[in-house]
$ cat structure-v4.pdb   # PDB, C-alpha atoms and all ligand atoms
ATOM      1  CA  MET P1310       0.261  16.204 -15.073
ATOM      2  CA  ARG P1311      -2.753  14.294 -13.862
ATOM      3  CA  ARG P1312      -1.944  11.451 -16.167
ATOM      4  CA  THR P1313       1.531  11.037 -14.741
ATOM      5  CA  LYS P1314       0.300  10.964 -11.181
ATOM      6  CA  VAL P1315      -2.302   8.302 -11.841
ATOM      7  CA  THR P1316       0.186   6.127 -13.681
ATOM      8  CA  VAL P1317       2.659   6.332 -10.833
ATOM      9  CA  ILE P1318       0.087   5.314  -8.260
ATOM     10  CA  ALA P1319      -0.935   2.277 -10.252
ATOM     11  CA  ALA P1320       2.647   1.228 -10.801
ATOM     12  CA  VAL P1321       3.520   1.498  -7.137
ATOM     13  CA  ALA P1322       0.570  -0.606  -6.117
ATOM     14  CA  LEU P1323       1.410  -3.234  -8.689
ATOM     15  CA  SER P1324       5.059  -3.504  -7.811
ATOM     16  CA  ALA P1325       4.205  -3.730  -4.145
ATOM     17  CA  ALA P1326       1.915  -6.643  -4.750
ATOM     18  CA  VAL P1327       3.902  -8.683  -7.214
ATOM     19  CA  ALA P1328       5.405 -11.857  -5.891
ATOM     20  CA  VAL P1329       6.754 -14.919  -7.588
ATOM     21  CA  VAL P1330       5.923 -18.157  -5.872
ATOM     22  CA  PRO P1331       7.672 -21.190  -7.260
ATOM     23  CA  ARG P1332       6.107 -24.426  -6.171
ATOM     24  CA  ALA P1333       8.484 -25.939  -3.659
ATOM     25  CA  SER P1334       7.988 -29.522  -4.794
ATOM     26  CA  ASP P1335       9.028 -28.857  -8.374
ATOM     27  CA  PRO P1336      11.150 -25.864  -9.212
ATOM     28  CA  ALA P1337      11.168 -26.565 -12.953
ATOM     29  CA  PRO P1338      10.231 -23.349 -14.783
ATOM     30  CA  HIS P1339       7.234 -24.810 -16.557
ATOM     31  CA  ASP P1340       5.689 -25.748 -13.251
ATOM     32  CA  GLN P1341       6.206 -22.427 -11.572
ATOM     33  CA  VAL P1342       3.182 -20.567 -10.359
ATOM     34  CA  PHE P1343       3.141 -16.805 -10.461
ATOM     35  CA  VAL P1344       0.849 -14.339  -8.822
ATOM     36  CA  VAL P1345       0.093 -10.710  -9.567
ATOM     37  CA  GLY P1346      -2.268  -8.477  -7.651
ATOM     38  CA  GLU P1347      -4.154  -5.557  -9.176
ATOM     39  CA  ALA P1348      -6.485  -2.910  -7.844
ATOM     40  CA  ILE P1349      -9.262  -0.622  -8.846
ATOM     41  CA  TYR P1350      -9.150   2.740  -7.138
ATOM     42  CA  ALA P1351     -11.800   5.121  -5.906
ATOM     43  CA  ALA P1352     -11.837   8.507  -7.549
ATOM     44  CA  ASP P1353     -12.821  10.752  -4.699
ATOM     45  CA  ALA P1354     -14.153  14.072  -5.850
ATOM     46  CA  ASP P1355     -11.836  15.855  -3.421
ATOM     47  CA  ASP P1356      -8.741  14.013  -4.559
ATOM     48  CA  ALA P1357      -6.712  15.949  -7.110
ATOM     49  CA  GLN P1358      -4.781  12.842  -8.050
ATOM     50  CA  PHE P1359      -7.892  11.387  -9.591
ATOM     51  CA  ALA P1360      -9.426  14.600 -10.823
ATOM     52  CA  GLY P1361      -9.694  13.156 -14.293
ATOM     53  CA  ALA P1362     -12.011  10.472 -13.025
ATOM     54  CA  ALA P1363     -14.003  12.279 -10.386
ATOM     55  CA  GLY P1364     -16.608  13.815 -12.653
ATOM     56  CA  PRO P1365     -19.096  12.147 -14.949
ATOM     57  CA  VAL P1366     -17.404   9.785 -17.368
ATOM     58  CA  ASP P1367     -17.119  11.115 -20.903
ATOM     59  CA  ASP P1368     -18.414   8.144 -22.840
ATOM     60  CA  THR P1369     -17.898   9.571 -26.319
ATOM     61  CA  THR P1370     -14.715   7.597 -26.901
ATOM     62  CA  ALA P1371     -16.051   4.274 -25.610
ATOM     63  CA  CYS P1372     -16.236   2.786 -29.098
ATOM     64  CA  THR P1373     -13.561   4.767 -30.937
ATOM     65  CA  ASP P1374     -10.728   4.196 -28.470
ATOM     66  CA  SER P1375      -9.308   0.711 -28.945
ATOM     67  CA  SER P1376      -6.499   1.126 -26.387
ATOM     68  CA  TYR P1377      -5.669  -1.700 -24.040
ATOM     69  CA  ALA P1378      -2.778  -3.069 -22.023
ATOM     70  CA  LEU P1379      -2.042  -6.713 -21.355
ATOM     71  CA  LYS P1380      -0.615  -8.792 -18.557
ATOM     72  CA  THR P1381       0.907 -12.177 -19.283
ATOM     73  CA  TRP P1382      -1.980 -14.536 -18.631
ATOM     74  CA  LYS P1383      -5.396 -15.367 -19.956
ATOM     75  CA  VAL P1384      -8.496 -17.387 -19.148
ATOM     76  CA  SER P1385      -9.156 -20.311 -21.447
ATOM     77  CA  GLY P1386     -12.427 -22.208 -21.393
ATOM     78  CA  THR P1387     -14.125 -22.163 -18.012
ATOM     79  CA  PHE P1388     -13.113 -20.039 -15.037
ATOM     80  CA  THR P1389     -15.011 -21.333 -12.003
ATOM     81  CA  TRP P1390     -15.379 -18.948  -9.094
ATOM     82  CA  TYR P1391     -16.964 -19.101  -5.652
ATOM     83  CA  TYR P1392     -18.545 -16.462  -3.474
ATOM     84  CA  ASN P1393     -18.099 -15.861   0.225
ATOM     85  CA  GLY P1394     -20.799 -13.480   1.396
ATOM     86  CA  ASP P1395     -19.347 -12.958   4.896
ATOM     87  CA  GLY P1396     -19.128  -9.259   5.557
ATOM     88  CA  ALA P1397     -21.265  -8.241   2.591
ATOM     89  CA  PRO P1398     -22.709  -4.780   3.261
ATOM     90  CA  ALA P1399     -26.389  -5.000   4.127
ATOM     91  CA  ALA P1400     -27.388  -2.768   1.217
ATOM     92  CA  VAL P1401     -26.162  -5.328  -1.311
ATOM     93  CA  ALA P1402     -26.124  -8.555   0.703
ATOM     94  CA  SER P1403     -28.982 -10.080  -1.280
ATOM     95  CA  THR P1404     -28.009  -8.742  -4.694
ATOM     96  CA  ALA P1405     -24.204  -8.831  -4.750
ATOM     97  CA  LEU P1406     -23.947 -12.361  -6.094
ATOM     98  CA  GLY P1407     -26.121 -11.432  -9.063
ATOM     99  CA  ALA P1408     -24.046  -8.352  -9.832
ATOM    100  CA  ILE P1409     -20.775 -10.278  -9.572
ATOM    101  CA  THR P1410     -22.201 -12.991 -11.812
ATOM    102  CA  ASP P1411     -23.260 -10.398 -14.378
ATOM    103  CA  ALA P1412     -19.792  -8.845 -14.270
ATOM    104  CA  GLY P1413     -18.206 -12.198 -15.012
ATOM    105  CA  ASP P1414     -20.587 -12.751 -17.888
ATOM    106  CA  ASN P1415     -19.712  -9.344 -19.314
ATOM    107  CA  VAL P1416     -16.099 -10.436 -19.568
ATOM    108  CA  ALA P1417     -16.666 -14.081 -20.494
ATOM    109  CA  LYS P1418     -18.880 -13.187 -23.445
ATOM    110  CA  GLY P1419     -17.381  -9.799 -24.270
ATOM    111  CA  LYS P1420     -20.595  -7.883 -23.614
ATOM    112  CA  ASN P1421     -19.905  -4.362 -24.758
ATOM    113  CA  ARG P1422     -21.299  -0.903 -25.456
ATOM    114  CA  CYS P1423     -20.279  -0.916 -29.101
ATOM    115  CA  ASN P1424     -22.416  -3.572 -30.779
ATOM    116  CA  LEU P1425     -19.396  -5.825 -31.197
ATOM    117  CA  PRO P1426     -20.236  -9.533 -31.365
ATOM    118  CA  THR P1427     -20.640 -11.229 -27.976
ATOM    119  CA  SER P1428     -19.252 -14.446 -29.320
ATOM    120  CA  PHE P1429     -16.469 -15.286 -26.901
ATOM    121  CA  THR P1430     -16.754 -18.859 -25.706
ATOM    122  CA  THR P1431     -15.190 -18.464 -22.271
ATOM    123  CA  ASP P1432     -17.414 -19.209 -19.288
ATOM    124  CA  TYR P1433     -17.064 -17.527 -15.899
ATOM    125  CA  LYS P1434     -19.037 -20.037 -13.960
ATOM    126  CA  TYR P1435     -20.353 -19.567 -10.430
ATOM    127  CA  GLY P1436     -19.315 -22.686  -8.512
ATOM    128  CA  GLY P1437     -21.261 -22.032  -5.319
ATOM    129  CA  ALA P1438     -20.864 -20.558  -1.869
ATOM    130  CA  ALA P1439     -17.435 -20.714  -0.273
ATOM    131  CA  THR P1440     -16.389 -20.756   3.346
ATOM    132  CA  ALA P1441     -12.801 -20.082   2.300
ATOM    133  CA  LYS P1442     -11.813 -16.434   2.209
ATOM    134  CA  PRO P1443     -10.250 -14.715  -0.780
ATOM    135  CA  GLN P1444      -6.504 -15.062  -0.404
ATOM    136  CA  VAL P1445      -5.991 -11.319  -0.487
ATOM    137  CA  ALA P1446      -4.747  -9.602   2.663
ATOM    138  CA  SER P1447      -5.827  -6.145   3.773
ATOM    139  CA  ASP P1448      -2.326  -4.857   2.954
ATOM    140  CA  LEU P1449      -2.696  -6.093  -0.664
ATOM    141  CA  THR P1450      -0.550  -9.157  -0.174
ATOM    142  CA  CYS P1451      -1.546 -12.218  -2.156
ATOM    143  CA  THR P1452      -1.413 -14.763   0.625
ATOM    144  CA  GLY P1453      -1.342 -18.063  -1.191
ATOM    145  CA  ASN P1454      -3.102 -20.290  -3.626
ATOM    146  CA  ASP P1455      -5.569 -22.897  -2.450
ATOM    147  CA  GLY P1456      -6.579 -23.509  -6.045
ATOM    148  CA  LYS P1457     -10.032 -22.074  -5.446
ATOM    149  CA  SER P1458     -11.071 -18.729  -6.913
ATOM    150  CA  VAL P1459     -13.029 -16.890  -4.247
ATOM    151  CA  THR P1460     -14.636 -13.463  -4.369
ATOM    152  CA  GLY P1461     -15.554 -11.865  -1.066
ATOM    153  CA  TRP P1462     -15.470  -8.878   1.236
ATOM    154  CA  GLY P1463     -12.926  -7.331   3.584
ATOM    155  CA  SER P1464     -10.799  -4.365   4.482
ATOM    156  CA  LEU P1465      -8.513  -2.747   1.912
ATOM    157  CA  PRO P1466      -6.205   0.282   2.077
ATOM    158  CA  PRO P1467      -7.559   3.792   1.443
ATOM    159  CA  LYS P1468      -8.537   4.411  -2.195
ATOM    160  CA  VAL P1469      -8.711   0.733  -3.085
ATOM    161  CA  LEU P1470     -12.222  -0.396  -3.981
ATOM    162  CA  ALA P1471     -11.303  -3.972  -4.803
ATOM    163  CA  TYR P1472      -8.229  -6.068  -5.384
ATOM    164  CA  THR P1473      -7.600  -9.210  -7.404
ATOM    165  CA  CYS P1474      -4.778 -11.721  -7.008
ATOM    166  CA  THR P1475      -4.362 -13.929 -10.045
ATOM    167  CA  PHE P1476      -2.278 -17.090 -10.069
ATOM    168  CA  PHE P1477      -1.059 -18.405 -13.386
ATOM    169  CA  ASN P1478       1.454 -20.857 -14.715
ATOM    170  CA  ALA P1479       4.392 -20.431 -17.084
ATOM    171  CA  LYS P1480       2.099 -21.020 -20.030
ATOM    172  CA  GLY P1481       0.037 -18.025 -18.942
ATOM    173  CA  GLN P1482      -2.961 -20.084 -17.964
ATOM    174  CA  VAL P1483      -4.946 -18.790 -14.997
ATOM    175  CA  ILE P1484      -4.983 -21.275 -12.138
ATOM    176  CA  ALA P1485      -6.974 -19.230  -9.669
ATOM    177  CA  SER P1486      -8.036 -15.626  -9.198
ATOM    178  CA  ASP P1487      -9.324 -14.231  -5.907
ATOM    179  CA  ALA P1488     -11.012 -10.871  -5.483
ATOM    180  CA  LEU P1489     -11.510  -8.874  -2.290
ATOM    181  CA  ILE P1490     -14.029  -6.010  -2.237
ATOM    182  CA  ASP P1491     -13.803  -3.261   0.374
ATOM    183  CA  ASN P1492     -16.525  -3.340   3.018
ATOM    184  CA  VAL P1493     -15.148  -0.704   5.375
ATOM    185  CA  VAL P1494     -14.541   2.605   3.597
ATOM    186  CA  TYR P1495     -16.832   2.399   0.586
ATOM    187  CA  THR P1496     -20.491   1.669   0.182
ATOM    188  CA  TRP P1497     -22.063  -0.121  -2.731
ATOM    189  CA  PHE P1498     -25.157  -0.412  -4.876
ATOM    190  CA  THR P1499     -26.285  -2.898  -7.479
ATOM    191  CA  THR P1500     -29.152  -0.725  -8.714
ATOM    192  CA  LYS P1501     -28.206   2.938  -8.887
ATOM    193  CA  PRO P1502     -30.337   4.886  -6.415
ATOM    194  CA  ALA P1503     -32.076   8.095  -7.368
ATOM    195  CA  ASN P1504     -29.988  11.065  -6.256
ATOM    196  CA  CYS P1505     -26.894   8.894  -5.922
ATOM    197  CA  ALA P1506     -24.249  10.805  -3.971
ATOM    198  CA  GLY P1507     -21.236  10.338  -1.740
ATOM    199  CA  GLN P1508     -18.814   7.437  -1.725
ATOM    200  CA  LEU P1509     -21.270   5.040  -3.266
ATOM    201  CA  TYR P1510     -19.959   2.735  -5.982
ATOM    202  CA  ASP P1511     -21.427   0.373  -8.523
ATOM    203  CA  LEU P1512     -20.558  -3.224  -7.730
ATOM    204  CA  GLU P1513     -21.018  -4.524 -11.273
ATOM    205  CA  THR P1514     -18.702  -1.894 -12.784
ATOM    206  CA  THR P1515     -16.069  -2.650 -10.173
ATOM    207  CA  MET P1516     -16.283  -6.385 -10.687
ATOM    208  CA  THR P1517     -16.263  -6.157 -14.482
ATOM    209  CA  HIS P1518     -12.963  -4.300 -14.053
ATOM    210  CA  GLU P1519     -11.654  -6.940 -11.647
ATOM    211  CA  ARG P1520     -12.665  -9.813 -13.916
ATOM    212  CA  LEU P1521     -10.884  -8.096 -16.785
ATOM    213  CA  HIS P1522      -7.764  -8.325 -14.609
ATOM    214  CA  THR P1523      -8.468 -12.024 -14.172
ATOM    215  CA  ALA P1524      -8.769 -12.253 -17.962
ATOM    216  CA  GLY P1525      -5.311 -10.748 -18.435
ATOM    217  CA  LEU P1526      -5.912  -7.043 -18.933
ATOM    218  CA  ALA P1527      -3.872  -4.284 -17.294
ATOM    219  CA  HIS P1528      -4.781  -0.646 -16.795
ATOM    220  CA  VAL P1529      -5.040   1.962 -19.514
ATOM    221  CA  ASP P1530      -4.650   5.705 -19.047
ATOM    222  CA  GLN P1531      -7.135   7.399 -16.720
ATOM    223  CA  VAL P1532      -7.540  10.494 -18.877
ATOM    224  CA  ARG P1533      -6.830   9.466 -22.465
ATOM    225  CA  ASN P1534      -8.836   6.250 -22.185
ATOM    226  CA  ALA P1535     -11.470   7.537 -19.777
ATOM    227  CA  ALA P1536     -14.378   5.582 -21.241
ATOM    228  CA  GLN P1537     -12.739   2.177 -21.016
ATOM    229  CA  THR P1538     -13.511  -0.100 -18.080
ATOM    230  CA  MET P1539      -9.792  -0.642 -17.525
ATOM    231  CA  THR P1540      -8.920   2.860 -16.336
ATOM    232  CA  PRO P1541      -7.275   2.586 -12.920
ATOM    233  CA  SER P1542     -10.056   4.301 -11.013
ATOM    234  CA  SER P1543     -13.803   4.680 -10.948
ATOM    235  CA  ALA P1544     -16.043   7.581 -10.013
ATOM    236  CA  PRO P1545     -18.805   7.276  -7.414
ATOM    237  CA  CYS P1546     -22.260   6.539  -8.823
ATOM    238  CA  ASP P1547     -20.896   5.791 -12.296
ATOM    239  CA  THR P1548     -22.527   2.846 -14.059
ATOM    240  CA  SER P1549     -21.453   3.721 -17.591
ATOM    241  CA  ARG P1550     -18.648   1.167 -17.731
ATOM    242  CA  ARG P1551     -20.386  -1.999 -16.639
ATOM    243  CA  LEU P1552     -20.059  -3.294 -20.181
ATOM    244  CA  LEU P1553     -16.826  -3.249 -22.146
ATOM    245  CA  GLY P1554     -15.573  -0.422 -24.312
ATOM    246  CA  ALA P1555     -13.851  -1.039 -27.628
ATOM    247  CA  GLY P1556     -10.432  -1.071 -25.996
ATOM    248  CA  ASP P1557     -11.438  -3.555 -23.297
ATOM    249  CA  TYR P1558     -12.910  -5.789 -25.977
ATOM    250  CA  ALA P1559      -9.830  -5.516 -28.199
ATOM    251  CA  GLY P1560      -7.679  -6.343 -25.185
ATOM    252  CA  LEU P1561      -9.558  -9.568 -24.529
ATOM    253  CA  LYS P1562      -9.066 -10.604 -28.146
ATOM    254  CA  ALA P1563      -5.385  -9.688 -28.031
ATOM    255  CA  ALA P1564      -4.967 -11.694 -24.831
ATOM    256  CA  GLY P1565      -6.180 -14.698 -26.768
ATOM    257  CA  THR P1566      -9.781 -14.893 -25.636
ATOM    258  CA  THR P1567     -11.783 -16.688 -28.292
TER     259      THR P1567
HETATM  260 ZN    ZN A1601      -7.483  -2.446 -11.827
END
$ encode --input "structure-v4.pdb" --output "structure tokens"
Amino acid sequence: MRRTKVTVIAAVALSAAVAVVPRASDPAPHDQVFVVGEAIYAADADDAQFAGAAGPVDDTTACTDSSYALKTWKVSGTFTWYYNGDGAPAAVASTALGAITDAGDNVAKGKNRCNLPTSFTTDYKYGGAATAKPQVASDLTCTGNDGKSVTGWGSLPPKVLAYTCTFFNAKGQVIASDALIDNVVYTWFTTKPANCAGQLYDLETTMTHERLHTAGLAHVDQVRNAAQTMTPSSAPCDTSRRLLGAGDYAGLKAAGTT
């Protein structure tokens, strides 16, 4: 029952955010640019819909569960991203860039909890500070593609911790991928505080999940695949999924990451 509910929520959010944007100057299929937006959700302890994710994460299947789901794009070579710190919550204003950088490295190199080789040759490279905003609207609309991949802060709908809009071409190559992190409803840490409680979320875990979307991964099942970073939602104070599980890692390989 829980499983069904979570799946439905994810599907609704995805379908609401999908848009196809052909480039006006050249409608030939191989030059079309597509965009898909994807979220990570908060698993509030009082929310029955996410009951499977609200407690401590059962990590016992992290390395035995090789489940993954794929989108239709991948990152090849270097993915350069920029950071706009406007609106960063004070608690993480000075450390957020480091956590986001670490999250990108986790995905680029395939850093994992399972002693699998971290031999991927992709590079998620920090390109510098941006004044441009992520092209992600507060209603989860992907608002355009300026060709620059920006990660930043802003308002998102209830339950949505962060949201990524990824632009890719007909060959499945990522052109740009913007991420917006909520700075209104949820609060964040980069180092887990003692006695962590309330709606306090780990920025690195969240951004590893978002960068896995950029890399071409979709969500797996919240309950059956609970230890993978690509479950649809995260629990407050959980840091156990900063690094990849076996399924996340297998998904990157299946997407064509080398
Ligand atoms: Zn997601």
$ residues_near_ligand --input "structure-v4.pdb" --ligand "ligand ZN 1601 (chain A)" --cutoff "6 Å" --atoms "only C-alpha atoms and all ligand atoms" --output "list in words"
Glu1347, Ala1348, Ile1349, His1528 and Pro1541 of chain P
$ resolve_selection --input "structure-v4.pdb" --expression "the PyMOL selection byres (((chain P and resi 1458) around 10) and not hetatm)" --output "JSON, numbers by chain"
{"P": [1388, 1389, 1390, 1391, 1392, 1435, 1436, 1439, 1441, 1442, 1443, 1444, 1454, 1455, 1456, 1457, 1459, 1460, 1474, 1475, 1476, 1484, 1485, 1486, 1487, 1488]}
$ closest_residue --input "structure-v4.pdb" --among "P:Ala1527, P:Leu1379, P:Cys1546, P:Cys1372" --to "Ala1506 of chain P" --atoms "all atoms listed in the file"
P:Cys1546
$ atom_distance --input "structure-v4.pdb" --atom1 "atom CA of Arg1520 of chain P" --atom2 "atom CA of Gln1341 of chain P"
22.8 Å
$ closest_residue --input "structure-v4.pdb" --among "P:Asp1491, P:Phe1477, P:Val1342, P:Thr1567" --to "Asp1432 of chain P" --atoms "only C-alpha atoms"
P:Thr1567
$ closest_residue --input "structure-v4.pdb" --among "P:Val1445, P:Thr1566, P:Asn1421, P:Ser1385" --to "Ser1549 of chain P" --atoms "only C-alpha atoms"
P:Asn1421
$ axis_aligned_box --input "structure-v4.pdb" --around "segment 1550-1553 of chain P" --padding-each-side "4 Å" --output "AutoDock Vina command-line options"
--center_x -18.6 --center_y -1.1 --center_z -19.4 --size_x 11.6 --size_y 12.5 --size_z 13.5
$ atom_distance --input "structure-v4.pdb" --atom1 "atom CA of Ala1408 of chain P" --atom2 "atom CA of Glu1513 of chain P"
5.1 Å
